[in-house]
$ cat work-v6.cif   # mmCIF, C-alpha atoms
data_structure
#
loop_
_atom_site.label_atom_id
_atom_site.label_comp_id
_atom_site.auth_asym_id
_atom_site.auth_seq_id
_atom_site.Cartn_x
_atom_site.Cartn_y
_atom_site.Cartn_z
CA MET A 181 -13.05 -25.03 -60.22
CA VAL A 182 -16.43 -23.64 -61.26
CA ARG A 183 -15.22 -20.05 -60.82
CA LYS A 184 -12.15 -20.80 -62.94
CA THR A 185 -14.30 -22.30 -65.68
CA VAL A 186 -16.66 -19.30 -65.75
CA TYR A 187 -13.67 -16.95 -65.84
CA THR A 188 -12.16 -18.87 -68.78
CA LEU A 189 -15.45 -18.77 -70.70
CA ALA A 190 -15.69 -15.02 -70.14
CA ILE A 191 -12.20 -14.53 -71.61
CA ILE A 192 -13.13 -16.65 -74.63
CA VAL A 193 -16.29 -14.59 -75.24
CA LEU A 194 -14.34 -11.33 -75.05
CA GLN A 195 -11.74 -12.66 -77.47
CA MET A 196 -14.44 -13.57 -79.99
CA GLY A 197 -14.83 -9.85 -80.65
CA GLU A 198 -17.33 -7.08 -80.18
CA GLU A 199 -19.79 -8.54 -82.68
CA LYS A 200 -20.20 -11.74 -80.66
CA VAL A 201 -20.60 -9.80 -77.43
CA VAL A 202 -23.36 -7.74 -79.04
CA PHE A 203 -24.98 -11.01 -80.11
CA ALA A 204 -24.84 -12.34 -76.55
CA GLN A 205 -26.31 -9.16 -75.08
CA ALA A 206 -28.97 -8.50 -77.75
CA LYS A 207 -32.41 -8.09 -76.27
CA LEU A 208 -35.81 -6.80 -77.25
CA GLU A 209 -36.34 -3.12 -76.44
CA ALA A 210 -39.77 -1.68 -75.72
CA SER A 211 -40.83 1.71 -74.37
CA VAL A 212 -44.00 3.67 -73.69
CA GLN A 213 -43.92 7.45 -73.41
CA TYR A 214 -46.88 9.61 -72.48
CA THR A 215 -46.70 13.41 -72.56
CA THR A 216 -49.56 15.60 -71.37
CA GLU A 217 -49.59 19.36 -71.51
CA LEU A 218 -51.94 22.05 -70.22
CA GLN A 219 -51.78 25.37 -72.10
CA SER A 220 -53.19 28.79 -71.19
CA ASP A 221 -53.04 32.19 -72.88
CA LEU A 222 -53.36 33.78 -69.42
CA GLY A 223 -56.88 34.79 -70.38
CA ASN A 224 -59.95 32.72 -71.25
CA ARG A 225 -58.41 30.16 -73.58
CA LEU A 226 -57.20 26.75 -72.43
CA ASN A 227 -56.01 23.68 -74.30
CA TRP A 228 -55.08 20.19 -73.16
CA VAL A 229 -52.70 18.28 -75.45
CA ASN A 230 -51.70 14.61 -75.18
CA LEU A 231 -49.13 12.50 -77.00
CA LEU A 232 -48.74 8.74 -76.61
CA SER A 233 -45.75 6.99 -78.17
CA LEU A 234 -45.14 3.23 -78.32
CA ARG A 235 -41.82 1.87 -79.56
CA VAL A 236 -40.39 -1.62 -80.05
CA ALA A 237 -36.99 -2.67 -81.42
CA ILE A 238 -36.29 -6.34 -82.16
CA PRO A 239 -32.64 -7.34 -82.80
CA THR A 240 -32.28 -9.87 -85.57
CA GLU A 241 -30.27 -12.05 -83.18
CA ARG A 242 -33.46 -12.58 -81.19
CA LEU A 243 -35.01 -14.04 -84.34
CA GLY A 244 -32.11 -16.42 -84.84
CA LEU A 245 -30.77 -14.39 -87.77
CA TRP A 246 -27.61 -12.37 -88.42
CA SER A 247 -26.11 -9.93 -85.93
CA ASN A 248 -26.22 -6.14 -85.63
CA GLY A 249 -29.59 -5.80 -87.34
CA LYS A 250 -32.74 -4.36 -85.86
CA LEU A 251 -36.44 -4.18 -86.74
CA GLU A 252 -37.95 -0.95 -85.38
CA VAL A 253 -41.57 0.11 -84.94
CA GLN A 254 -42.93 3.28 -83.34
CA THR A 255 -46.49 4.55 -83.32
CA ILE A 256 -47.93 7.83 -82.05
CA SER A 257 -51.37 9.04 -81.04
CA VAL A 258 -52.30 12.71 -80.52
CA TYR A 259 -55.33 14.18 -78.78
CA LYS A 260 -56.18 17.76 -77.81
CA THR A 261 -59.37 19.32 -76.46
CA SER A 262 -59.38 22.53 -78.52
CA ARG A 263 -59.56 22.29 -82.29
CA GLU A 264 -58.13 25.81 -82.62
CA ARG A 265 -54.71 26.77 -81.30
CA ILE A 266 -54.71 29.33 -78.49
CA ALA A 267 -52.00 31.39 -80.23
CA GLY A 268 -51.42 32.28 -83.87
CA ASP A 269 -47.64 32.08 -83.77
CA ARG A 270 -45.87 30.79 -86.87
CA GLN A 271 -43.10 28.89 -85.06
CA VAL A 272 -45.63 26.98 -82.88
CA PHE A 273 -44.79 27.20 -79.17
CA SER A 274 -45.66 23.54 -78.45
CA ASN A 275 -43.73 20.83 -80.27
CA ILE A 276 -46.33 18.14 -79.49
CA GLU A 277 -49.51 20.00 -80.51
CA GLU A 278 -51.11 18.72 -83.70
CA ASP A 279 -54.57 17.90 -84.97
CA ASN A 280 -56.11 14.83 -83.35
CA LEU A 281 -54.53 11.68 -84.71
CA PRO A 282 -55.80 8.35 -83.32
CA PHE A 283 -52.92 6.31 -84.72
CA SER A 284 -49.94 6.84 -86.99
CA PRO A 285 -46.84 4.76 -87.84
CA PHE A 286 -44.01 7.13 -86.93
CA LEU A 287 -41.14 4.70 -87.52
CA LEU A 288 -41.27 1.39 -89.32
CA GLY A 289 -38.23 -0.23 -90.87
CA TYR A 290 -35.01 -2.13 -90.63
CA SER A 291 -31.54 -0.90 -89.63
CA GLN A 292 -28.19 -2.65 -90.01
CA GLN A 293 -24.88 -1.76 -88.42
CA ILE A 294 -21.86 -2.60 -90.58
CA GLY A 295 -18.70 -1.49 -88.85
CA LYS A 296 -18.83 2.30 -88.68
CA VAL A 297 -21.81 2.50 -91.03
CA LEU A 298 -25.50 2.42 -90.07
CA LEU A 299 -28.07 1.76 -92.80
CA PHE A 300 -31.86 2.09 -92.52
CA GLY A 301 -34.75 1.54 -94.91
CA GLY A 302 -38.46 2.11 -94.28
CA LEU A 303 -40.70 4.78 -92.79
CA ARG A 304 -38.79 7.45 -90.88
CA ASN A 305 -39.03 11.07 -89.75
CA VAL A 306 -36.40 13.81 -89.55
CA ASN A 307 -36.87 14.17 -85.77
CA GLU A 308 -35.21 10.78 -85.42
CA ASP A 309 -31.85 12.01 -86.68
CA TYR A 310 -31.66 15.79 -86.98
CA PHE A 311 -32.05 19.07 -85.06
CA THR A 312 -32.62 17.56 -81.60
CA THR A 313 -29.59 17.87 -79.31
CA PRO A 314 -29.21 17.58 -75.49
CA TYR A 315 -29.74 21.33 -75.04
CA THR A 316 -32.41 22.04 -77.66
CA SER A 317 -34.48 19.01 -76.60
CA LEU A 318 -35.27 20.84 -73.35
CA PHE A 319 -37.35 23.54 -75.04
CA THR A 320 -40.98 23.17 -76.09
CA ASN A 321 -40.95 25.65 -78.99
CA SER A 322 -41.10 23.70 -82.25
CA SER A 323 -38.36 25.77 -83.88
CA CYS A 324 -35.79 24.41 -81.44
CA GLY A 325 -36.56 20.93 -82.74
CA ILE A 326 -36.75 21.77 -86.45
CA TYR A 327 -36.06 25.11 -88.09
CA PRO A 328 -39.01 26.92 -89.74
CA THR A 329 -36.85 27.29 -92.87
CA LEU A 330 -37.74 23.62 -93.34
CA SER A 331 -41.04 23.07 -91.56
CA ALA A 332 -42.72 26.17 -93.08
CA ASN A 333 -41.40 25.55 -96.59
CA TYR A 334 -41.94 21.82 -97.14
CA VAL A 335 -44.45 19.13 -96.30
CA LEU A 336 -41.59 17.00 -95.04
CA ALA A 337 -41.46 13.99 -92.75
CA ASN A 338 -41.64 16.07 -89.58
CA TYR A 339 -43.80 15.24 -86.53
CA PRO A 340 -46.46 13.91 -86.82
CA LEU A 341 -45.68 12.88 -90.41
CA SER A 342 -43.32 10.20 -91.70
CA ALA A 343 -42.24 9.17 -95.18
CA VAL A 344 -40.32 6.42 -96.94
CA CYS A 345 -36.61 6.97 -96.33
CA LEU A 346 -33.17 5.55 -96.97
CA HIS A 347 -30.89 6.67 -94.15
CA LEU A 348 -27.12 6.33 -93.78
CA GLU A 349 -24.72 7.26 -90.99
CA TYR A 350 -20.95 7.02 -91.05
CA ARG A 351 -18.99 7.61 -87.87
CA ILE A 352 -15.50 8.77 -88.75
CA ASN A 353 -14.40 8.61 -85.13
CA GLU A 354 -15.88 9.07 -81.66
CA MET A 355 -16.41 12.79 -82.28
CA ILE A 356 -17.33 13.18 -85.97
CA ARG A 357 -20.32 11.66 -87.75
CA ILE A 358 -21.85 12.17 -91.20
CA LYS A 359 -25.55 11.53 -91.82
CA ASN A 360 -27.61 11.49 -95.02
CA SER A 361 -31.31 10.76 -95.55
CA LEU A 362 -33.14 10.45 -98.86
CA TYR A 363 -36.91 10.91 -98.46
CA ASN A 364 -39.92 10.87 -100.70
CA GLY A 365 -40.40 14.56 -101.49
CA GLN A 366 -43.65 14.90 -99.55
CA ALA A 367 -44.97 13.24 -96.42
CA TYR A 368 -48.60 12.17 -95.97
CA LEU A 369 -50.88 11.34 -93.09
CA PRO A 370 -51.85 7.67 -92.82
CA PHE A 371 -55.32 6.38 -93.70
CA LYS A 372 -56.17 9.54 -95.65
CA GLN A 373 -58.14 9.07 -98.86
CA GLY A 374 -56.04 9.67 -101.96
CA SER A 375 -52.67 9.47 -100.19
CA SER A 376 -50.45 6.96 -98.44
CA VAL A 377 -47.70 7.28 -95.88
CA PHE A 378 -45.89 4.58 -97.88
CA ALA A 379 -45.93 6.64 -101.10
CA VAL A 380 -42.80 6.72 -103.26
CA SER A 381 -43.47 9.04 -106.20
CA PRO A 382 -40.50 11.14 -107.37
CA GLN A 383 -42.44 12.34 -110.41
CA ARG A 384 -45.32 13.70 -108.31
CA ASP A 385 -43.61 14.54 -105.00
CA GLY A 386 -39.97 14.94 -105.97
CA LEU A 387 -37.17 13.81 -103.68
CA MET A 388 -35.74 15.38 -100.55
CA ASP A 389 -32.18 14.82 -99.39
CA ILE A 390 -30.91 15.87 -95.96
CA ALA A 391 -27.23 15.78 -95.07
CA GLU A 392 -25.46 16.82 -91.87
CA MET A 393 -22.05 16.61 -90.25
CA ASP A 394 -21.95 16.73 -86.47
CA TYR A 395 -19.03 17.08 -84.10
CA THR A 396 -19.35 16.18 -80.42
CA THR A 397 -16.60 17.19 -78.07
CA ASN A 398 -14.95 14.28 -76.34
CA SER A 399 -13.95 16.01 -73.11
CA SER A 400 -15.29 16.83 -69.65
CA TYR A 401 -17.29 19.72 -71.18
CA HIS A 402 -20.21 18.82 -73.41
CA GLY A 403 -20.25 20.34 -76.88
CA SER A 404 -22.22 19.68 -80.05
CA TYR A 405 -21.68 21.35 -83.45
CA ASN A 406 -23.89 20.63 -86.47
CA LEU A 407 -23.73 21.80 -90.09
CA GLY A 408 -26.42 20.65 -92.52
CA ILE A 409 -28.28 21.17 -95.77
CA VAL A 410 -31.57 19.99 -97.25
CA VAL A 411 -32.16 19.86 -101.01
CA HIS A 412 -35.59 19.38 -102.55
CA GLY A 413 -36.02 18.84 -106.26
CA GLY A 414 -38.05 17.18 -108.97
CA ASN A 415 -41.36 18.93 -108.36
CA ARG A 416 -42.70 22.32 -107.39
CA CYS A 417 -41.40 24.10 -104.31
CA CYS A 418 -43.27 25.70 -101.42
CA ASP A 419 -45.76 22.81 -101.12
CA ALA A 420 -46.48 23.80 -97.53
CA ALA A 421 -47.68 27.22 -98.60
CA ASP A 422 -49.49 25.95 -101.70
CA ASP A 423 -51.81 23.71 -99.68
CA SER A 424 -53.82 26.80 -98.78
CA LEU A 425 -54.38 27.82 -102.42
CA ALA A 426 -57.54 27.19 -104.39
CA PRO A 427 -57.15 24.43 -107.03
CA GLU A 428 -57.06 26.89 -109.94
CA GLN A 429 -54.47 29.03 -108.15
CA ALA A 430 -52.34 26.03 -107.32
CA SER A 431 -52.46 24.95 -110.95
CA ALA A 432 -51.32 28.37 -112.12
CA GLU A 433 -48.52 28.43 -109.56
CA THR A 434 -47.40 24.95 -110.59
CA THR A 435 -46.73 26.08 -114.14
CA SER A 436 -44.58 29.02 -113.05
CA GLU A 437 -40.81 28.78 -113.37
CA LYS A 438 -40.46 29.91 -109.75
CA HIS A 439 -42.03 26.72 -108.48
CA ARG A 440 -39.87 24.51 -110.70
CA LYS A 441 -36.57 25.53 -109.15
CA VAL A 442 -34.57 23.20 -106.96
CA ASN A 443 -35.06 24.36 -103.39
CA TYR A 444 -32.68 24.17 -100.45
CA ALA A 445 -31.99 25.37 -96.91
CA CYS A 446 -28.81 25.35 -94.80
CA TRP A 447 -28.27 25.45 -91.06
CA LEU A 448 -25.64 25.67 -88.37
CA SER A 449 -26.15 24.90 -84.68
CA VAL A 450 -23.77 25.12 -81.74
CA GLU A 451 -24.11 24.18 -78.09
CA GLN A 452 -21.31 24.26 -75.59
CA GLU A 453 -21.07 23.70 -71.87
CA CYS A 454 -19.01 26.56 -70.43
CA TRP A 455 -18.78 25.78 -66.74
CA HIS A 456 -19.54 23.04 -64.24
CA SER A 457 -18.87 22.41 -60.57
CA GLY A 458 -20.42 19.51 -58.74
CA ARG A 459 -24.11 19.35 -59.59
CA TYR A 460 -24.05 22.82 -61.22
CA SER A 461 -23.34 23.52 -64.87
CA ALA A 462 -24.04 26.22 -67.45
CA GLY A 463 -23.87 26.31 -71.24
CA VAL A 464 -24.90 28.29 -74.30
CA LEU A 465 -26.56 27.42 -77.60
CA GLY A 466 -26.97 29.10 -80.96
CA GLN A 467 -28.86 28.25 -84.17
CA TYR A 468 -28.94 29.80 -87.62
CA SER A 469 -30.65 28.76 -90.84
CA PHE A 470 -31.41 30.38 -94.18
CA ALA A 471 -33.32 29.53 -97.36
CA PRO A 472 -33.57 31.35 -100.73
CA SER A 473 -36.00 34.26 -100.42
CA ASP A 474 -37.30 33.92 -104.00
CA ARG A 475 -38.96 30.55 -103.41
CA ASN A 476 -39.67 30.15 -99.70
CA ASP A 477 -42.09 31.46 -97.10
CA CYS A 478 -39.56 31.40 -94.23
CA ARG A 479 -36.21 32.86 -95.28
CA ARG A 480 -34.21 33.25 -92.06
CA TYR A 481 -34.17 31.79 -88.57
CA MET A 482 -31.84 32.43 -85.66
CA ALA A 483 -31.85 31.58 -81.97
CA ALA A 484 -29.63 31.99 -78.93
CA GLY A 485 -30.01 30.79 -75.37
CA GLY A 486 -28.56 29.41 -72.17
CA ILE A 487 -28.87 26.26 -70.08
CA PHE A 488 -28.38 26.04 -66.31
CA LYS A 489 -28.43 22.74 -64.42
CA GLY A 490 -28.76 21.94 -60.72
CA LEU A 491 -29.89 25.36 -59.54
CA PHE A 492 -32.98 24.35 -57.58
CA SER A 493 -32.57 20.72 -56.51
CA ALA A 494 -30.02 19.06 -54.25
CA SER A 495 -29.91 16.07 -56.61
CA GLY A 496 -29.04 18.27 -59.59
CA GLU A 497 -31.87 16.75 -61.61
CA ASP A 498 -33.31 20.06 -62.76
CA THR A 499 -32.56 22.19 -65.82
CA LEU A 500 -33.46 25.82 -66.45
CA GLY A 501 -33.42 27.06 -70.03
CA VAL A 502 -33.88 30.43 -71.75
CA VAL A 503 -33.95 30.84 -75.53
CA PHE A 504 -34.76 33.74 -77.85
CA SER A 505 -35.62 33.05 -81.49
CA GLN A 506 -36.51 35.10 -84.54
CA ALA A 507 -37.99 33.84 -87.80
CA SER A 508 -38.35 36.00 -90.91
CA PHE A 509 -41.28 35.10 -93.17
CA SER A 510 -42.23 36.58 -96.53
CA ASP A 511 -44.91 38.80 -94.97
CA ILE A 512 -43.96 39.12 -91.32
CA ARG A 513 -41.26 38.69 -88.69
CA GLU A 514 -41.80 36.74 -85.50
CA LYS A 515 -39.83 36.97 -82.25
CA ALA A 516 -40.26 34.47 -79.41
CA LEU A 517 -38.81 34.11 -75.92
CA GLU A 518 -39.15 30.87 -73.96
CA ILE A 519 -38.30 30.33 -70.31
CA THR A 520 -38.67 26.75 -69.14
CA TRP A 521 -37.64 24.51 -66.24
CA ASN A 522 -37.57 20.72 -66.22
CA TYR A 523 -37.39 18.68 -63.03
CA THR A 524 -36.73 14.96 -63.29
CA VAL A 525 -38.60 13.44 -60.35
CA SER A 526 -37.48 9.88 -61.20
CA ASN A 527 -36.23 7.82 -64.12
CA HIS A 528 -39.83 7.54 -65.30
CA PHE A 529 -41.41 10.87 -64.41
CA SER A 530 -40.65 14.58 -65.01
CA VAL A 531 -42.53 17.88 -64.87
CA GLN A 532 -41.84 21.00 -66.90
CA PRO A 533 -43.49 24.43 -66.71
CA ALA A 534 -42.78 26.88 -69.54
CA PHE A 535 -43.59 30.49 -70.41
CA HIS A 536 -43.66 31.90 -73.94
CA PHE A 537 -43.62 35.56 -74.92
CA ILE A 538 -44.31 35.90 -78.64
CA ARG A 539 -44.57 38.82 -81.02
CA THR A 540 -45.82 38.05 -84.54
CA GLY A 541 -45.78 41.34 -86.41
CA ASN A 542 -47.89 43.58 -84.20
CA GLU A 543 -49.66 40.68 -82.51
CA ARG A 544 -48.52 39.66 -79.02
CA SER A 545 -49.13 36.37 -77.22
CA HIS A 546 -48.30 35.28 -73.68
CA ILE A 547 -48.51 31.55 -73.02
CA ALA A 548 -48.12 29.56 -69.81
CA MET A 549 -47.97 25.78 -69.95
CA LEU A 550 -47.30 22.77 -67.76
CA ARG A 551 -45.94 19.57 -69.30
CA VAL A 552 -45.75 16.18 -67.58
CA MET A 553 -43.84 13.24 -69.07
CA VAL A 554 -44.09 9.58 -68.07
CA GLU A 555 -41.89 6.94 -69.65
CA TYR A 556 -41.35 3.21 -69.15
#

$ encode --input "work-v6.cif" --output "structure tokens"
Amino acid sequence: MVRKTVYTLAIIVLQMGEEKVVFAQAKLEASVQYTTELQSDLGNRLNWVNLLSLRVAIPTERLGLWSNGKLEVQTISVYKTSRERIAGDRQVFSNIEEDNLPFSPFLLGYSQQIGKVLLFGGLRNVNEDYFTTPYTSLFTNSSCGIYPTLSANYVLANYPLSAVCLHLEYRINEMIRIKNSLYNGQAYLPFKQGSSVFAVSPQRDGLMDIAEMDYTTNSSYHGSYNLGIVVHGGNRCCDAADDSLAPEQASAETTSEKHRKVNYACWLSVEQECWHSGRYSAGVLGQYSFAPSDRNDCRRYMAAGGIFKGLFSASGEDTLGVVFSQASFSDIREKALEITWNYTVSNHFSVQPAFHFIRTGNERSHIAMLRVMVEY
């Protein structure tokens, strides 16, 4: 009798619809991720970089409120032993290396799912929604995570910065999704005199809009295709480059017509699994991005690489990746090759050595690094 009653209740719950099931299963989510990385230029220079991330998501159901809503908070802390980078590459070979930052709100806001639409308002960063795919997330070079046609041309909400954002996602079907994010035109570090991470000033900073359509193959072979554009307007362009100017130079540049133009950059990325058998699989990836050469420091970026899984472990929990990238700046061209291997020891622990061979103009750099990630 008891079993029959439980079975009947289960049927009733399922018939109440997906929204009620989500309500019944809603729970608080919390995670801690620590990444530590030892870098060497294969000479006399060493650097030790650390990133600590804390994240909490509280469904509104847990607070006795409406369903399908979520309060999200993420903070980051960054520490490294060397104030100077051990390489002068423009693309930045380590995507976690930044100046020491004791504490920063990386994500802080509210999201609401309404059918096929996701809405978010609050502090956010572009790494949350764009550029990072299953293949590109393997690599440690920063350009794989965000193209230099954006990171070198704008002070945008890119790690470790965040900015006030209105974000929208619409999922047309299981394979196609459209995303759009409207940001304050410039991101700021927290607790810095004269600025605020919560700033909303279109007159001073302008506005930045990012839009992307992504297509994910719904088959036995993984595939991800992304087409996007960023538009920045309302204030002067090339803020990232202008930060290095003297005040009188910056003032002169601000009055020029060149720095009053609306700025933009476009990108296309492709990754496709080509073969798999048992624990083994192989795939390719490609990236391309361009920005107008008359108003940007970085004008072109392209990358191509390959991913190979299960080559060195019986469990298949290892991934070997090779990627070659080239970025064209206003004064120089940089080429970079990364070879990396990630081994997932357990659900909470992974190790990843990587080697970088970089040529910036006539300057050459060889970097070896070991990254360890712990997550709970």

$ closest_residue --input "work-v6.cif" --among "A:Tyr444, A:Phe371, A:Tyr339, A:Tyr395" --to "Asn275 (chain A)" --atoms "all atoms listed in the file"
A:Tyr339

$ resolve_selection --input "work-v6.cif" --expression "the PyMOL selection byres ((chain A and resi 400-412) around 6)" --output "number ranges by chain"
A: 387-397, 399, 413, 442-453

$ resolve_selection --input "work-v6.cif" --expression "the PyMOL selection byres ((chain A and resi 551) around 6)" --output "ChimeraX atom specification"
/A:216-217,531-532,550,552

$ residues_near_point --input "work-v6.cif" --point "(-30.3, -10.6, -82.4)" --cutoff "10 Å" --atoms "all atoms listed in the file" --output "mmCIF file with C-alpha atoms, keeping the file's coordinate frame"
data_model
loop_
_atom_site.group_PDB
_atom_site.id
_atom_site.type_symbol
_atom_site.label_atom_id
_atom_site.label_comp_id
_atom_site.auth_asym_id
_atom_site.auth_seq_id
_atom_site.Cartn_x
_atom_site.Cartn_y
_atom_site.Cartn_z
ATOM 1 C CA VAL A 202 -23.360 -7.740 -79.040
ATOM 2 C CA PHE A 203 -24.980 -11.010 -80.110
ATOM 3 C CA ALA A 204 -24.840 -12.340 -76.550
ATOM 4 C CA GLN A 205 -26.310 -9.160 -75.080
ATOM 5 C CA ALA A 206 -28.970 -8.500 -77.750
ATOM 6 C CA LYS A 207 -32.410 -8.090 -76.270
ATOM 7 C CA LEU A 208 -35.810 -6.800 -77.250
ATOM 8 C CA ILE A 238 -36.290 -6.340 -82.160
ATOM 9 C CA PRO A 239 -32.640 -7.340 -82.800
ATOM 10 C CA THR A 240 -32.280 -9.870 -85.570
ATOM 11 C CA GLU A 241 -30.270 -12.050 -83.180
ATOM 12 C CA ARG A 242 -33.460 -12.580 -81.190
ATOM 13 C CA LEU A 243 -35.010 -14.040 -84.340
ATOM 14 C CA GLY A 244 -32.110 -16.420 -84.840
ATOM 15 C CA LEU A 245 -30.770 -14.390 -87.770
ATOM 16 C CA TRP A 246 -27.610 -12.370 -88.420
ATOM 17 C CA SER A 247 -26.110 -9.930 -85.930
ATOM 18 C CA ASN A 248 -26.220 -6.140 -85.630
ATOM 19 C CA GLY A 249 -29.590 -5.800 -87.340
ATOM 20 C CA LYS A 250 -32.740 -4.360 -85.860
ATOM 21 C CA LEU A 251 -36.440 -4.180 -86.740
#

$ atom_distance --input "work-v6.cif" --atom1 "CA of Asp511 (chain A)" --atom2 "CA of Tyr327 (chain A)"
17.7 Å

$ axis_aligned_box --input "work-v6.cif" --around "region 444-450 of chain A" --padding-each-side "8 Å" --output "JSON"
{"center_x": -28.2, "center_y": 24.9, "center_z": -91.1, "size_x": 24.9, "size_y": 17.5, "size_z": 34.7}

$ atom_distance --input "work-v6.cif" --atom1 "CA of Leu234 (chain A)" --atom2 "CA of Asn280 (chain A)"
16.7 Å

$ resolve_selection --input "work-v6.cif" --expression "the PyMOL selection byres ((chain A and resi 223) around 12)" --output "PyMOL selection string"
chain A and resi 219-222+224-227+266-267+545-548

$ atom_distance --input "work-v6.cif" --atom1 "CA of Cys478 (chain A)" --atom2 "CA of Arg384 (chain A)"
23.3 Å

$ closest_residue --input "work-v6.cif" --among "A:Leu348, A:Ala367, A:Ala462, A:Ala483" --to "Leu298 (chain A)" --atoms "only C-alpha atoms"
A:Leu348

$ build_atoms --input "work-v6.cif" --residues "region 524-530 of chain A" --atoms "all heavy atoms" --output "compact mmCIF listing (two decimals), keeping the file's coordinate frame"
# COMPACT_ATOMS: atom_id res chain seq x y z
N THR A 524 -36.61 16.40 -63.16
CA THR A 524 -36.73 14.96 -63.29
C THR A 524 -36.98 14.37 -61.90
O THR A 524 -36.06 14.27 -61.08
CB THR A 524 -35.46 14.34 -63.91
OG1 THR A 524 -35.23 14.95 -65.17
CG2 THR A 524 -35.61 12.84 -64.07
N VAL A 525 -38.22 13.99 -61.65
CA VAL A 525 -38.60 13.44 -60.35
C VAL A 525 -38.00 12.05 -60.16
O VAL A 525 -37.51 11.70 -59.08
CB VAL A 525 -40.13 13.40 -60.22
CG1 VAL A 525 -40.54 12.83 -58.86
CG2 VAL A 525 -40.72 14.78 -60.43
N SER A 526 -38.05 11.23 -61.23
CA SER A 526 -37.48 9.88 -61.20
C SER A 526 -37.10 9.51 -62.62
O SER A 526 -37.25 10.30 -63.55
CB SER A 526 -38.50 8.88 -60.63
OG SER A 526 -39.57 8.70 -61.54
N ASN A 527 -36.60 8.28 -62.78
CA ASN A 527 -36.23 7.82 -64.12
C ASN A 527 -37.42 7.74 -65.06
O ASN A 527 -37.24 7.68 -66.27
CB ASN A 527 -35.56 6.45 -64.03
CG ASN A 527 -34.22 6.51 -63.35
OD1 ASN A 527 -33.55 7.55 -63.35
ND2 ASN A 527 -33.81 5.40 -62.75
N HIS A 528 -38.63 7.72 -64.48
CA HIS A 528 -39.83 7.54 -65.30
C HIS A 528 -40.75 8.75 -65.33
O HIS A 528 -41.75 8.73 -66.05
CB HIS A 528 -40.63 6.33 -64.79
CG HIS A 528 -39.84 5.08 -64.69
ND1 HIS A 528 -39.35 4.40 -65.79
CD2 HIS A 528 -39.42 4.36 -63.61
CE1 HIS A 528 -38.68 3.33 -65.39
NE2 HIS A 528 -38.71 3.28 -64.07
N PHE A 529 -40.43 9.80 -64.59
CA PHE A 529 -41.41 10.87 -64.41
C PHE A 529 -40.70 12.23 -64.33
O PHE A 529 -39.72 12.39 -63.61
CB PHE A 529 -42.20 10.62 -63.12
CG PHE A 529 -43.26 11.63 -62.83
CD1 PHE A 529 -44.41 11.71 -63.60
CD2 PHE A 529 -43.11 12.54 -61.78
CE1 PHE A 529 -45.39 12.64 -63.32
CE2 PHE A 529 -44.08 13.47 -61.49
CZ PHE A 529 -45.23 13.52 -62.26
N SER A 530 -41.21 13.22 -65.07
CA SER A 530 -40.65 14.58 -65.01
C SER A 530 -41.76 15.59 -65.23
O SER A 530 -42.79 15.29 -65.87
CB SER A 530 -39.56 14.77 -66.06
OG SER A 530 -40.08 14.67 -67.37
